[in-house]
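Encoded as structure tokens, the structure appears first; notes follow it.
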Amino acid sequence: MVQDIVSKYKELYRLDPVVVRSPGRVNLIGEHTDYNNGFVLPAAINKEIYFALAPNGTNLFNVYSYDLEETASFDLDKIEKSDIRWANYLLGVIAQLQRAGHTIKGFNLVFGGDIPIGAGLSSSAAVECGLAYGLNYLYALNIDKLDLVKMAQKAEHEFAGVMCGIMDQFTSMFGKYDRVVKLDCRSLDYHYYDLDMHDYRIVLLDTQVKHSLASSEYNTRRQECETGVAILNKHYPEVNSLRDATLEMLAQHQSEFDPVVYKRSKYVVEENLRVEGACQDLERKDMAAFGEKMFASHQGLQHDYEVSCPELDFLADLAKKNEAVLGARMMGGGFGGCTINLVKLDQVGPYIQTMEDAYEQQFGIKMKAYIAEIVNGSSLVSSPVS
Ligand code: GLA
């Protein structure tokens with residue numbers, strides 16, 4: 001893959017580029033908690049995007065998307081949202097760097113990779129983080145990684161219109177080989193945990209569906225959570241996000257809540273507790289207990305947070321009945337994309353086959369399956385001067 005990107009770069013631009021990579025992510029548990037200032041437990045995975053870039057001595061940003069086989073060119077003095085949707089993730093990053101006072105001189109970019117789009121593996125965060133990392137290196141901007149993450153997140157807010165939390169960009173940048181990272185999305189403190197994967201694999205089952213309501217419903221969920229916070233805040237001034245709320249507080253004031261807002265809030269409080277519990281399970285190496293929390297997370301996402309869909313529910317239900325699986329649940333924003341499954345190593349092949357057959361029979365759709373390995377976050381692959 002990386003060779004193809006570099007060859008294309010040389011063919012188009014006749015220079016030796018800097019090459020960086022940035023991965024997609026999985027999330028073991030802690031869904032829709034990041035924008036509620038809560039906890040998540042993601043990891044970067046071996047689905048990645050590569051970027052080849054070098055200055056071009058002009059004031060233009062020329063880009064070639066290897067996967068789409070499309071080019072585009074932009075004047076760096078006039079960076080704004082474009083009609084070319086795929087370019088907006090890149091333009092958003094440039095805009096953030098410029099806004100922070102950095103001069104971005106003209107450069108040529110070829111990028112591409114193997115993170116499936118719309119599968120909930122954060123291809124957009126990988127694009128944003130990869131370019132931020134690449135430009136930081138290319139122009140020696142000296143921006144620390146956490147600030148790059150924040151810029152990448154803002155790029156998504158302002159140029160892609162999704163008010164995402166910080167999990168995806170953080171993971172793409174800070175992921176660590178063979179570790180999951182527990183991130184406190186309020187303090188941004190983080191801690192890496194060993195995932196005891198001797199006997200298990202992370203299997204992603206891609207429904208191949210992406211319901212179009214995903215981003216509007218995402219923003220609606222954020223508002224519903226804010227409504228819940230506003231009710232609790234009247235009684236408990238210390239509650240400034242659902243992270244600060246407890247199940248007791250919610251139960252105490254249930255009558256003041258719209259039932260939907262109540263369900264949403266309860267889910268978030270419970271999911272944060274599950275992340276804390278799941279980390280203790282990891283410390284005790286109790287993968288069975290960890291897996292049970294994944295199943296419970298799916299139940300909450302399906303019934304209380306209501307961000308699942310029939311295809312995801314089908315896969316999660318079937319997984320629960322299968323002895324090969326320790327835990328499974330929908331992953332990411334929802335309404336399509338993948339389930340994440342912790343599967344016993346010696347049963348991975350047969351499990352995938354069973355699920356593929358059942359899914360095709362039920363929905364007439366050929367599912368895709370990926371075995372995810374945990375890798376490092378954004379990094380330099382090669383540099384002509386190093
Ligand atoms: C998307 C967002 C993340 C997070 C998840 C849900 O992936 O980009 O910030 O909110 O949904 O956990």
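Residue numbering restarts at 1 in every chain; chains get A, B, ... in the order shown in the structure tokens, and ligands count up from 1 in that same order.
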Considering only C-alpha atoms, return as a VMD selection string whatever protein or nucleic-acid residues lie within 6 Å of range 22-39 of chain A, sequence-local ones (same chain, fewer than 5 positions apart) excluded.
chain A and resid 44 to 45 47 to 49 121 to 123 126 130 165 172 183 to 186 241 to 243 271 to 272 275 378
Name all residues at most 12 Å from Thr246 in chain A (count only C-alpha atoms; drop same-chain ones fewer than 2 positions away) and give them as a PyMOL selection string.
chain A and resi 229+232+236+238-239+241-244+248-253+265-273
Report the residues of range 224-278 of chain A whose backbone DSSP state falls under alpha helix (DSSP H), written as a ChimeraX atom specification.
/A:224-235,247-252,259-278
Interatomic distance, CA of Cys225 in chain A to CA of His298 in chain A (Å, one decimal):
18.5 Å
Residue contacts of Ala324 in chain A (7 Å, only C-alpha atoms) excluding same-chain residues fewer than 4 positions away, as a list in words:
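The neighbour list is Val343, Lys344, Gln347 and Tyr351 of chain A.
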Tell me which protein, DNA and RNA residues are within 12 Å of Gly112 in chain A, counting only C-alpha atoms, leaving out same-chain ones fewer than 3 positions away, and put them as a short mmCIF file (atom, residue, chain, number, x, y, z; two decimals) with all heavy atoms, in the first residue's frame.
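What ended up in result_33.cif:
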data_model
loop_
_atom_site.label_atom_id
_atom_site.label_comp_id
_atom_site.auth_asym_id
_atom_site.auth_seq_id
_atom_site.Cartn_x
_atom_site.Cartn_y
_atom_site.Cartn_z
N MET A 1 0.84 -1.21 0.00
CA MET A 1 0.00 0.00 0.00
C MET A 1 0.87 1.26 0.00
O MET A 1 0.73 2.12 -0.87
CB MET A 1 -0.87 -0.02 1.27
CG MET A 1 -1.85 1.12 1.33
SD MET A 1 -3.27 0.78 0.30
CE MET A 1 -3.59 2.37 -0.37
N VAL A 2 1.78 1.31 0.97
CA VAL A 2 2.60 2.52 1.09
C VAL A 2 3.45 2.73 -0.16
O VAL A 2 3.63 3.87 -0.63
CB VAL A 2 3.44 2.50 2.40
CG1 VAL A 2 4.42 1.35 2.41
CG2 VAL A 2 4.14 3.81 2.64
N GLN A 3 3.92 1.61 -0.73
CA GLN A 3 4.71 1.73 -1.97
C GLN A 3 3.89 2.32 -3.11
O GLN A 3 4.38 3.14 -3.89
CB GLN A 3 5.24 0.34 -2.38
CG GLN A 3 6.50 -0.08 -1.67
CD GLN A 3 7.50 1.07 -1.55
OE1 GLN A 3 7.68 1.86 -2.47
NE2 GLN A 3 8.13 1.18 -0.38
N ASP A 4 2.64 1.90 -3.20
CA ASP A 4 1.75 2.41 -4.26
C ASP A 4 1.57 3.92 -4.11
O ASP A 4 1.56 4.66 -5.10
CB ASP A 4 0.37 1.74 -4.17
CG ASP A 4 0.47 0.23 -4.43
OD1 ASP A 4 1.46 -0.19 -5.06
OD2 ASP A 4 -0.43 -0.49 -3.95
N ILE A 5 1.40 4.35 -2.87
CA ILE A 5 1.17 5.79 -2.63
C ILE A 5 2.43 6.58 -3.02
O ILE A 5 2.34 7.62 -3.69
CB ILE A 5 0.85 6.03 -1.13
CG1 ILE A 5 -0.37 5.20 -0.69
CG2 ILE A 5 0.69 7.51 -0.81
CD1 ILE A 5 -1.71 5.74 -1.01
N VAL A 6 3.58 6.07 -2.62
CA VAL A 6 4.83 6.79 -2.92
C VAL A 6 5.09 6.79 -4.43
O VAL A 6 5.48 7.82 -5.01
CB VAL A 6 6.02 6.17 -2.14
CG1 VAL A 6 7.33 6.78 -2.58
CG2 VAL A 6 5.82 6.37 -0.64
N LYS A 8 2.93 6.66 -6.77
CA LYS A 8 1.98 7.60 -7.40
C LYS A 8 2.48 9.04 -7.19
O LYS A 8 2.40 9.87 -8.09
CB LYS A 8 0.59 7.43 -6.76
CG LYS A 8 -0.50 8.15 -7.48
CD LYS A 8 -0.81 7.47 -8.80
CE LYS A 8 -1.57 8.38 -9.74
NZ LYS A 8 -1.81 7.77 -11.06
N TYR A 9 2.99 9.29 -6.00
CA TYR A 9 3.49 10.63 -5.71
C TYR A 9 4.62 11.00 -6.67
O TYR A 9 4.64 12.09 -7.25
CB TYR A 9 3.98 10.72 -4.25
CG TYR A 9 4.27 12.14 -3.85
CD1 TYR A 9 3.31 12.90 -3.21
CD2 TYR A 9 5.48 12.74 -4.19
CE1 TYR A 9 3.55 14.23 -2.89
CE2 TYR A 9 5.74 14.06 -3.88
CZ TYR A 9 4.77 14.79 -3.23
OH TYR A 9 5.00 16.11 -2.93
N VAL A 19 6.69 10.61 4.23
CA VAL A 19 5.56 9.68 4.29
C VAL A 19 5.16 9.47 5.76
O VAL A 19 6.01 9.18 6.61
CB VAL A 19 5.91 8.32 3.65
CG1 VAL A 19 4.70 7.39 3.68
CG2 VAL A 19 6.39 8.52 2.22
N VAL A 20 3.89 9.67 6.04
CA VAL A 20 3.38 9.39 7.39
C VAL A 20 2.17 8.47 7.28
O VAL A 20 1.60 8.31 6.20
CB VAL A 20 2.99 10.68 8.17
CG1 VAL A 20 4.16 11.65 8.26
CG2 VAL A 20 1.79 11.37 7.54
N ARG A 21 1.81 7.88 8.41
CA ARG A 21 0.63 7.02 8.42
C ARG A 21 -0.23 7.37 9.64
O ARG A 21 0.28 7.88 10.65
CB ARG A 21 1.01 5.53 8.50
CG ARG A 21 1.93 5.21 9.65
CD ARG A 21 2.05 3.74 9.93
NE ARG A 21 0.96 3.24 10.75
CZ ARG A 21 0.84 3.48 12.06
NH1 ARG A 21 1.72 4.22 12.72
NH2 ARG A 21 -0.19 3.00 12.72
N SER A 22 -1.50 7.10 9.52
CA SER A 22 -2.41 7.35 10.63
C SER A 22 -3.50 6.27 10.60
O SER A 22 -4.06 5.98 9.55
CB SER A 22 -3.03 8.74 10.48
OG SER A 22 -3.32 9.29 11.72
N PRO A 23 -3.74 5.64 11.75
CA PRO A 23 -4.66 4.49 11.78
C PRO A 23 -6.11 4.83 12.09
O PRO A 23 -6.41 5.87 12.68
CB PRO A 23 -4.08 3.64 12.92
CG PRO A 23 -3.52 4.66 13.86
CD PRO A 23 -3.03 5.81 13.03
N LYS A 47 -5.79 -0.79 10.21
CA LYS A 47 -6.46 -0.25 9.01
C LYS A 47 -5.98 1.19 8.99
O LYS A 47 -6.25 1.94 9.94
CB LYS A 47 -7.98 -0.30 9.16
CG LYS A 47 -8.53 -1.70 9.19
CD LYS A 47 -8.86 -2.14 7.80
CE LYS A 47 -9.13 -3.63 7.72
NZ LYS A 47 -8.79 -4.18 6.43
N GLU A 48 -5.26 1.56 7.95
CA GLU A 48 -4.51 2.81 8.04
C GLU A 48 -4.58 3.64 6.77
O GLU A 48 -4.87 3.11 5.70
CB GLU A 48 -3.03 2.48 8.31
CG GLU A 48 -2.87 1.71 9.60
CD GLU A 48 -1.50 1.07 9.76
OE1 GLU A 48 -1.02 0.42 8.81
OE2 GLU A 48 -0.91 1.24 10.82
N ILE A 49 -4.25 4.91 6.91
CA ILE A 49 -4.13 5.79 5.74
C ILE A 49 -2.71 6.31 5.68
O ILE A 49 -2.13 6.68 6.72
CB ILE A 49 -5.15 6.94 5.80
CG1 ILE A 49 -6.56 6.35 5.85
CG2 ILE A 49 -4.99 7.86 4.59
CD1 ILE A 49 -7.67 7.31 5.78
N TYR A 50 -2.15 6.28 4.47
CA TYR A 50 -0.79 6.78 4.25
C TYR A 50 -0.85 8.11 3.52
O TYR A 50 -1.73 8.34 2.68
CB TYR A 50 0.02 5.77 3.43
CG TYR A 50 0.36 4.55 4.23
CD1 TYR A 50 -0.45 3.42 4.19
CD2 TYR A 50 1.48 4.54 5.05
CE1 TYR A 50 -0.14 2.30 4.96
CE2 TYR A 50 1.80 3.43 5.81
CZ TYR A 50 0.98 2.31 5.76
OH TYR A 50 1.28 1.22 6.53
N PHE A 51 0.12 8.95 3.87
CA PHE A 51 0.19 10.29 3.27
C PHE A 51 1.60 10.51 2.76
O PHE A 51 2.56 10.36 3.51
CB PHE A 51 -0.09 11.37 4.33
CG PHE A 51 -1.42 11.22 5.00
CD1 PHE A 51 -1.62 10.24 5.97
CD2 PHE A 51 -2.47 12.07 4.69
CE1 PHE A 51 -2.84 10.09 6.59
CE2 PHE A 51 -3.70 11.93 5.32
CZ PHE A 51 -3.89 10.93 6.25
N ALA A 52 1.72 10.90 1.49
CA ALA A 52 3.02 11.30 0.94
C ALA A 52 2.91 12.78 0.64
O ALA A 52 1.97 13.22 -0.05
CB ALA A 52 3.31 10.51 -0.34
N VAL A 63 -3.74 17.99 -4.30
CA VAL A 63 -3.96 16.71 -3.64
C VAL A 63 -4.52 15.69 -4.61
O VAL A 63 -5.35 16.01 -5.47
CB VAL A 63 -4.86 16.88 -2.39
CG1 VAL A 63 -6.14 17.62 -2.71
CG2 VAL A 63 -5.19 15.53 -1.73
N TYR A 64 -4.05 14.45 -4.43
CA TYR A 64 -4.57 13.32 -5.20
C TYR A 64 -5.07 12.27 -4.22
O TYR A 64 -4.32 11.81 -3.35
CB TYR A 64 -3.47 12.74 -6.09
CG TYR A 64 -3.92 11.53 -6.89
CD1 TYR A 64 -4.70 11.69 -8.03
CD2 TYR A 64 -3.59 10.24 -6.50
CE1 TYR A 64 -5.14 10.58 -8.76
CE2 TYR A 64 -4.02 9.12 -7.23
CZ TYR A 64 -4.79 9.31 -8.36
OH TYR A 64 -5.23 8.23 -9.08
N SER A 65 -6.35 11.92 -4.34
CA SER A 65 -6.90 10.84 -3.52
C SER A 65 -6.68 9.53 -4.25
O SER A 65 -7.28 9.29 -5.31
CB SER A 65 -8.39 11.07 -3.27
OG SER A 65 -8.99 9.85 -2.86
N TYR A 66 -5.82 8.70 -3.69
CA TYR A 66 -5.46 7.44 -4.35
C TYR A 66 -6.67 6.52 -4.46
O TYR A 66 -6.86 5.85 -5.48
CB TYR A 66 -4.35 6.76 -3.53
CG TYR A 66 -3.78 5.56 -4.19
CD1 TYR A 66 -2.73 5.66 -5.10
CD2 TYR A 66 -4.29 4.28 -3.91
CE1 TYR A 66 -2.20 4.55 -5.73
CE2 TYR A 66 -3.76 3.17 -4.54
CZ TYR A 66 -2.73 3.31 -5.44
OH TYR A 66 -2.21 2.20 -6.05
N ASP A 67 -7.49 6.51 -3.44
CA ASP A 67 -8.63 5.59 -3.44
C ASP A 67 -9.73 6.03 -4.39
O ASP A 67 -10.37 5.21 -5.04
CB ASP A 67 -9.20 5.44 -2.02
CG ASP A 67 -8.14 4.95 -1.06
OD1 ASP A 67 -7.33 4.10 -1.47
OD2 ASP A 67 -8.08 5.44 0.08
N LEU A 68 -9.95 7.32 -4.48
CA LEU A 68 -11.02 7.82 -5.36
C LEU A 68 -10.51 8.14 -6.76
O LEU A 68 -11.30 8.41 -7.66
CB LEU A 68 -11.66 9.08 -4.75
CG LEU A 68 -12.28 8.90 -3.36
CD1 LEU A 68 -12.77 10.24 -2.82
CD2 LEU A 68 -13.43 7.91 -3.40
N GLU A 69 -9.19 8.18 -6.90
CA GLU A 69 -8.55 8.55 -8.18
C GLU A 69 -9.03 9.92 -8.63
O GLU A 69 -9.41 10.12 -9.79
CB GLU A 69 -8.82 7.49 -9.26
CG GLU A 69 -8.26 6.13 -8.89
CD GLU A 69 -8.50 5.07 -9.96
OE1 GLU A 69 -8.74 5.45 -11.12
OE2 GLU A 69 -8.47 3.88 -9.64
N GLU A 70 -9.02 10.86 -7.70
CA GLU A 70 -9.44 12.23 -8.03
C GLU A 70 -8.39 13.22 -7.56
O GLU A 70 -7.75 13.00 -6.53
CB GLU A 70 -10.75 12.57 -7.30
CG GLU A 70 -11.97 11.96 -7.94
CD GLU A 70 -13.24 12.28 -7.16
OE1 GLU A 70 -13.33 13.40 -6.59
OE2 GLU A 70 -14.10 11.42 -7.10
N TRP A 86 -14.66 14.95 0.11
CA TRP A 86 -13.51 14.25 0.70
C TRP A 86 -12.39 15.22 1.06
O TRP A 86 -11.58 14.96 1.94
CB TRP A 86 -13.01 13.12 -0.20
CG TRP A 86 -12.56 13.53 -1.59
CD1 TRP A 86 -13.31 13.50 -2.72
CD2 TRP A 86 -11.26 14.02 -1.98
NE1 TRP A 86 -12.57 13.94 -3.79
CE2 TRP A 86 -11.31 14.26 -3.37
CE3 TRP A 86 -10.07 14.28 -1.30
CZ2 TRP A 86 -10.22 14.75 -4.10
CZ3 TRP A 86 -8.97 14.76 -2.01
CH2 TRP A 86 -9.06 14.99 -3.39
N LEU A 109 0.15 16.51 -2.12
CA LEU A 109 -0.19 15.38 -1.24
C LEU A 109 -0.83 14.26 -2.05
O LEU A 109 -1.69 14.51 -2.90
CB LEU A 109 -1.19 15.87 -0.18
CG LEU A 109 -1.88 14.81 0.68
CD1 LEU A 109 -0.90 14.19 1.67
CD2 LEU A 109 -3.05 15.42 1.46
N ILE A 115 -8.83 1.87 5.23
CA ILE A 115 -9.90 1.97 6.24
C ILE A 115 -11.21 2.10 5.48
O ILE A 115 -11.41 3.06 4.74
CB ILE A 115 -9.74 3.22 7.14
CG1 ILE A 115 -8.31 3.31 7.70
CG2 ILE A 115 -10.76 3.19 8.27
CD1 ILE A 115 -8.08 4.52 8.60
N PRO A 116 -12.11 1.12 5.65
CA PRO A 116 -13.37 1.23 4.91
C PRO A 116 -14.14 2.48 5.33
O PRO A 116 -14.18 2.81 6.52
CB PRO A 116 -14.12 -0.05 5.27
CG PRO A 116 -13.41 -0.63 6.42
CD PRO A 116 -12.03 -0.08 6.49
N ILE A 117 -14.70 3.18 4.37
CA ILE A 117 -15.43 4.42 4.67
C ILE A 117 -16.84 4.07 5.15
O ILE A 117 -17.49 3.19 4.60
CB ILE A 117 -15.46 5.32 3.41
CG1 ILE A 117 -14.04 5.79 3.12
CG2 ILE A 117 -16.40 6.51 3.60
CD1 ILE A 117 -13.91 6.57 1.83
N SER A 123 -12.31 6.56 9.59
CA SER A 123 -11.44 6.94 8.47
C SER A 123 -11.26 8.45 8.43
O SER A 123 -10.17 8.95 8.12
CB SER A 123 -12.00 6.43 7.15
OG SER A 123 -13.31 6.89 6.96
N SER A 124 -12.29 9.20 8.80
CA SER A 124 -12.15 10.66 8.72
C SER A 124 -11.15 11.17 9.76
O SER A 124 -10.32 12.04 9.46
CB SER A 124 -13.51 11.36 8.86
OG SER A 124 -14.12 11.03 10.06
N ALA A 126 -8.64 9.53 10.88
CA ALA A 126 -7.30 9.14 10.40
C ALA A 126 -6.80 10.12 9.34
O ALA A 126 -5.62 10.48 9.33
CB ALA A 126 -7.33 7.72 9.86
N VAL A 127 -7.71 10.57 8.49
CA VAL A 127 -7.32 11.55 7.47
C VAL A 127 -6.89 12.86 8.15
O VAL A 127 -5.84 13.44 7.83
CB VAL A 127 -8.48 11.80 6.48
CG1 VAL A 127 -8.19 13.00 5.59
CG2 VAL A 127 -8.73 10.56 5.63
N GLY A 130 -3.64 12.32 10.23
CA GLY A 130 -2.47 12.07 9.37
C GLY A 130 -1.96 13.35 8.75
O GLY A 130 -0.75 13.61 8.73
N LEU A 131 -2.87 14.17 8.25
CA LEU A 131 -2.41 15.42 7.64
C LEU A 131 -1.84 16.36 8.70
O LEU A 131 -0.79 16.99 8.47
CB LEU A 131 -3.54 16.12 6.87
CG LEU A 131 -3.05 17.38 6.15
CD1 LEU A 131 -2.03 17.03 5.06
CD2 LEU A 131 -4.19 18.20 5.57
#
Hey, what does DSSP flag as strand (DSSP E) within range 93-315 of chain A? Can you give it to me as a VMD selection string?
chain A and resid 107 to 113 179 to 184 190 to 194 200 to 210
Residues from the last selection, N, CA and C atoms, saved as a compact mmCIF listing (two decimals), in the first residue's frame:
# COMPACT_ATOMS: atom_id res chain seq x y z
N PHE A 107 2.01 22.75 -0.89
CA PHE A 107 2.52 21.36 -0.88
C PHE A 107 1.64 20.46 -1.74
N ASN A 108 2.26 19.35 -2.15
CA ASN A 108 1.53 18.33 -2.90
C ASN A 108 1.32 17.12 -1.99
N LEU A 109 0.15 16.51 -2.12
CA LEU A 109 -0.19 15.38 -1.24
C LEU A 109 -0.83 14.26 -2.05
N VAL A 110 -0.37 13.04 -1.79
CA VAL A 110 -1.11 11.85 -2.25
C VAL A 110 -1.46 11.07 -1.00
N PHE A 111 -2.73 10.70 -0.87
CA PHE A 111 -3.10 9.91 0.32
C PHE A 111 -4.08 8.80 -0.05
N GLY A 112 -4.03 7.74 0.73
CA GLY A 112 -4.94 6.62 0.50
C GLY A 112 -4.66 5.51 1.49
N GLY A 113 -5.58 4.57 1.60
CA GLY A 113 -5.37 3.49 2.56
C GLY A 113 -6.47 2.46 2.51
N ARG A 179 -2.07 -2.29 23.02
CA ARG A 179 -2.68 -1.72 24.23
C ARG A 179 -4.03 -1.07 23.87
N VAL A 180 -4.92 -1.07 24.85
CA VAL A 180 -6.10 -0.21 24.72
C VAL A 180 -5.83 1.00 25.60
N VAL A 181 -6.49 2.09 25.29
CA VAL A 181 -6.23 3.30 26.08
C VAL A 181 -7.53 3.78 26.72
N LYS A 182 -7.48 3.90 28.04
CA LYS A 182 -8.65 4.48 28.72
C LYS A 182 -8.42 5.98 28.76
N LEU A 183 -9.33 6.70 28.15
CA LEU A 183 -9.21 8.16 28.11
C LEU A 183 -10.31 8.78 28.94
N ASP A 184 -9.91 9.68 29.82
CA ASP A 184 -10.87 10.51 30.54
C ASP A 184 -11.11 11.72 29.65
N TYR A 190 -4.88 9.87 30.37
CA TYR A 190 -5.10 8.56 29.74
C TYR A 190 -4.15 7.54 30.33
N HIS A 191 -4.59 6.29 30.18
CA HIS A 191 -3.82 5.19 30.76
C HIS A 191 -3.93 4.01 29.80
N TYR A 192 -2.79 3.41 29.48
CA TYR A 192 -2.81 2.25 28.57
C TYR A 192 -2.97 0.97 29.38
N TYR A 193 -3.79 0.07 28.87
CA TYR A 193 -3.99 -1.24 29.50
C TYR A 193 -3.59 -2.34 28.53
N ASP A 194 -3.03 -3.41 29.10
CA ASP A 194 -2.80 -4.62 28.30
C ASP A 194 -4.13 -5.25 28.00
N TYR A 200 -7.61 -14.73 22.26
CA TYR A 200 -8.76 -14.08 21.62
C TYR A 200 -8.32 -13.21 20.45
N ARG A 201 -9.28 -12.85 19.62
CA ARG A 201 -9.04 -11.86 18.58
C ARG A 201 -10.19 -10.86 18.56
N ILE A 202 -9.88 -9.65 18.10
CA ILE A 202 -10.93 -8.66 17.89
C ILE A 202 -11.43 -8.84 16.46
N VAL A 203 -12.67 -9.22 16.32
CA VAL A 203 -13.24 -9.43 14.99
C VAL A 203 -14.29 -8.35 14.75
N LEU A 204 -14.16 -7.67 13.62
CA LEU A 204 -15.13 -6.64 13.26
C LEU A 204 -16.03 -7.18 12.17
N LEU A 205 -17.31 -7.11 12.39
CA LEU A 205 -18.26 -7.57 11.38
C LEU A 205 -18.96 -6.33 10.81
N ASP A 206 -18.71 -6.12 9.55
CA ASP A 206 -19.17 -4.89 8.89
C ASP A 206 -20.50 -5.14 8.19
N THR A 207 -21.55 -4.51 8.72
CA THR A 207 -22.90 -4.71 8.18
C THR A 207 -23.03 -4.24 6.74
N GLN A 208 -22.12 -3.37 6.33
CA GLN A 208 -22.20 -2.77 4.98
C GLN A 208 -23.38 -1.81 4.85
N VAL A 209 -23.97 -1.45 5.98
CA VAL A 209 -25.03 -0.44 5.88
C VAL A 209 -24.61 0.82 6.64
N LYS A 210 -25.10 1.93 6.12
CA LYS A 210 -24.83 3.22 6.76
C LYS A 210 -26.12 4.00 6.56
Suppose you want the space between CA of Tyr370 in chain A and atom 11 (O, counted along the ligand's line) of ligand 1; what is it in Å?
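One can read the CA of Tyr370 in chain A to atom 11 (O, counted along the ligand's line) of ligand 1 distance as 19.4 Å.
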Between A:His303, A:Lys293, A:Lys368, A:Lys285, smallest distance to Arg329 in chain A by only C-alpha atoms belongs to A:Lys293
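With CA of Lys78 in chain A on one side and CA of Ala160 in chain A on the other, the separation reads 17.6 Å.
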Nearest to ligand 1, chosen from A:Thr103, A:Asn219, A:Asn88, A:Ser82, with only C-alpha atoms and all ligand atoms counted in the distances
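Smallest separation from ligand 1 among the options: A:Asn219.
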Find the residue from A:His198, A:His157, A:Lys176, A:Arg264 that sits nearest to ligand 1; use only C-alpha atoms and all ligand atoms when measuring.
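Result for the nearest residue to ligand 1: A:His157.
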Exercise: Ile79 in chain A partners within 12 Å, only C-alpha atoms, chain neighbours under 3 positions left out, as a PyMOL selection string
chain A and resi 59-61+73-76+82+87-99+104+159
List the spatial neighbours of Val18 in chain A as a PyMOL selection string - criterion: any atom at most 9 Å away, only C-alpha atoms, same-chain residues fewer than 6 positions off excluded.
chain A and resi 51-54+134+137-138+380-385
Given the selection you just returned, output its residues as a file containing N, CA and C atoms, formatted as a CSV table (one decimal), in the first residue's frame.
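That gives us result_30.csv:
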chain,number,residue,atom,x,y,z
A,51,PHE,N,0.1,9.0,3.9
A,51,PHE,CA,0.2,10.3,3.3
A,51,PHE,C,1.6,10.5,2.8
A,52,ALA,N,1.7,10.9,1.5
A,52,ALA,CA,3.0,11.3,0.9
A,52,ALA,C,2.9,12.8,0.6
A,53,LEU,N,3.8,13.6,1.2
A,53,LEU,CA,3.7,15.0,1.0
A,53,LEU,C,5.1,15.7,0.9
A,54,ALA,N,5.2,16.8,0.2
A,54,ALA,CA,6.4,17.6,0.1
A,54,ALA,C,6.0,19.0,-0.4
A,134,GLY,N,1.5,15.1,9.5
A,134,GLY,CA,2.4,15.3,8.4
A,134,GLY,C,2.9,16.7,8.2
A,137,TYR,N,5.2,17.8,10.9
A,137,TYR,CA,6.6,17.3,10.7
A,137,TYR,C,7.3,18.1,9.5
A,138,LEU,N,6.5,18.2,8.4
A,138,LEU,CA,7.1,18.8,7.2
A,138,LEU,C,7.6,20.3,7.4
A,380,LEU,N,5.7,8.7,11.7
A,380,LEU,CA,6.5,9.0,10.4
A,380,LEU,C,6.9,7.6,9.9
A,381,VAL,N,6.7,7.5,8.6
A,381,VAL,CA,7.1,6.2,7.9
A,381,VAL,C,8.5,6.4,7.3
A,382,SER,N,8.7,7.5,6.6
A,382,SER,CA,10.0,7.8,6.0
A,382,SER,C,10.1,9.3,5.7
A,383,SER,N,11.4,9.7,5.6
A,383,SER,CA,11.6,11.1,5.3
A,383,SER,C,12.8,11.2,4.4
A,384,PRO,N,12.8,11.9,3.3
A,384,PRO,CA,13.9,12.0,2.4
A,384,PRO,C,15.2,12.5,3.1
A,385,VAL,N,15.0,13.3,4.1
A,385,VAL,CA,16.2,13.9,4.8
A,385,VAL,C,16.7,13.0,6.0
